[in-house]
Structures are given as structure tokens and as C-alpha cells.
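In what follows, a single structure is set out as C-alpha cells and then discussed.
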Amino acid sequence: MVEELLAAAAATGVAVVVYVGAAARVVKQYERGVVFRFGRLVSQVRQPGFTMIVPVIDRLHKVNLQIVTLPVPAQEGITRDNVTVRVDAVVYFKVVDAADALVRVEDYRFAVSQMAQTSLRSIIGKSDLDDLLSNREKLNQGLELMLDSPAMGWGVAIDRVEIKDVSLPETMKRSMARQAEADRERRARVINADAELQASKKLSEAAAVMSEQPAALQLRLLQTVMAVSAEKNSTLVLPIPVELLRFLERAGTPQGGAAPSESATPPVPVAPPETFQDPLPVLPEEAEALEGPRPDPRVTTDLPDLADLPPLPDGTVAGPPADPAPRNEAA
């Protein structure tokens, strides 16, 4: 009898051990247990620690409540200003209701991933290129709101959404680089011009001070010579003071008159008038008819009067020569 009792107690103990082994469950701190009894959801969610279920009748599903890092595949789209870009992002989310995460959606990870890709494409189409490059915080907030609205019904809370990288075409990168270079060159020119203006003002003040003391210009010249000679150059250039040039200019100017002005305009030479020439030749007969008979160059018309001539030494009065021989009329 005792042996039978011992055997029954041993069998009961073994059955209890097997039951406890089949019914015992351990839920970790970052997990929650959801129990389905005959396929129906048990309202009570098992908390972390040791818990018991009815073997064969209950099914325990553990849901992780840790924040999940889900990378969003790169999505290619066209921005509002017609620029083709490729954007990838990352989503941080966690399960806040383990029962809804199991009952309301088949696979909440896959659902969140697809929703993130769709929302990212929508954000690309609604944004400009400048917003994608410089105003990412605003886009991240908009993307988080677009994901958080449907995810709350799945028992999932979106913790954070970040746009990781924006890939641009090579042509757009070169255009942006040229724009940046042009902008930097413009700013450099403005800075140089401002520096020249300030330097010219300082030089003007220095020239006004040196004009009061002529020796200051000579000292400045000596300082320049020392600065050049300190570099151990083989050639030394000595600038000539302006006062020396002015002295030479005053010495070369005549005392009685003023120096010719450099700005005076020299007289413009005037060409003599050209004689008009008739292109058609004139015959000698026509010229004589037009001008009249030409005098004989051998005949002198300006002869003195014979009565005004003084007498010769022998008393002979000047007159026309006498005819040496009478003319022969017959001849």
C-alpha cells in the first residue's frame, strides 16, 4: 500500500513538473506578453517576469518594446523646382501597445517601412531643392507627422525621422559649384575694393602729415631701401623723390616766361589750298584767243625817256641811232 502511495506521489510530482515546465513563461523587461486563448485575445497583457499559461490552450506572443531603427531605402523623385534627387532616411519607432501591434496589423515593421517610403516620396515632391539641403529639420518634422498619424492605430509610436543623405546629379553639382565660386569671387572683389578704399584714406592722411615735414619722406625712403636690402637681393632699385623732379623742372623753366603748359594743345597745321586744274587740255590757239596776243619776251616795254637822259662826256646827246646808209627804195 505504501509502495502504491509512493508511486502515485511520484507520478503526481512528475506530472506537476511537466505541467509547470509547459506552462511557465518568462517575459523580459523590454518585452510584453500577449496571450491568445483558443484564438481569442486575453485582455490582460503579461508584464515582465515569471508568468504561467494554460498549456495547449493558451499561446503567448512576446512583443519587443525597444526602439527600432529602420532604414528607409533611397527614394528617387523630382522636387517642386524640377530637380531629380535621390533621398534616403531612417525611422526610429517603438511599440506602445503590444496587443494592437499584433492584432491590428500583420507585420508592423513592414507596414512602417512601406509607409516611410511613401511619405518620403511625398515630401520630395512637395519640397524645393534648397529645403532638402538646408532646411531638413522642418522636413523631418513633416515626415514624422505623416508617419505618426497611421502608426498610432497600429500601436506604434514614431520617435524620430531623419533624412540621411540627398544625392544630386553630377551636372547639378557642377552648376552649384560654379555658383558658389562666383559668389565667393564676388565677395572677394568687394572685400578687396573696401580694403583699397580704406588704404587710400590712410595713405592720404599719411601724405598730409609728410607734406608738413619734408624730412619724413626721406626717412620713409630710407626705410624702404632697408626693407629691400634685407632680402639680400643683387639688384637694388632707388626711387627718385618727387621733390627732386620738381626742382629740376623749375630749373629748366626760363625765368622771363612761364613754362609751357603740358595741357596746351599744339596748333594744327593747315594745308595750303590746292589749285584747281581743268582736267581737259587747252590748245595754244584757244589760249591765245582767250588771253589775247602774248607779248614778245625779247621786246622791253619799260624804256626810259631819252629827254631825261644826261649828256655824254663829249657833249653828244643820246638819241636814236642814225641810219648809216639811205635805204634803196628800189631795192
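Quick note on naming: the chains in the C-alpha cells go A, B, ... in the order shown, residues restart at 1 in each chain, and ligands are numbered from 1 in order of appearance.
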
Can you pull out every residue within 12 Å of Met172 of chain A, counting only C-alpha atoms, but drop anything in the same chain fewer than 5 positions away, and send it as JSON, numbers by chain?
{"A": [82, 83, 84, 85, 129, 167, 177, 178, 179]}

Quick one: everything within 10 Å of segment 112-121 of chain A, counting only C-alpha atoms, minus sequence neighbours fewer than 5 positions away in the same chain. Send it as an NGL selection string.
:A and (70-79 or 86-91 or 93 or 107 or 126 or 139-140 or 142-148 or 150-151 or 154 or 156 or 158 or 161 or 163)

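Using only C-alpha atoms for every distance, the candidate list A:Ile123, A:Ala206, A:Leu60, A:Ala99 yields A:Leu60 as the residue closest to Val26 of chain A.
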
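If you measure from each of A:Ala101, A:Ile53, A:Ala7, A:Val95 to Ala24 of chain A using only C-alpha atoms, the closest one turns out to be A:Ile53.
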
Could you state the separation of atom CA of Ala199 of chain A and atom CA of Phe247 of chain A in Å, given to one decimal place?
29.2 Å

Secondary structure check, strand (DSSP E or B) residues of segment 45-165 of chain A, as a ChimeraX atom specification
/A:46,49-52,58-64,68-78,84-95,156-165
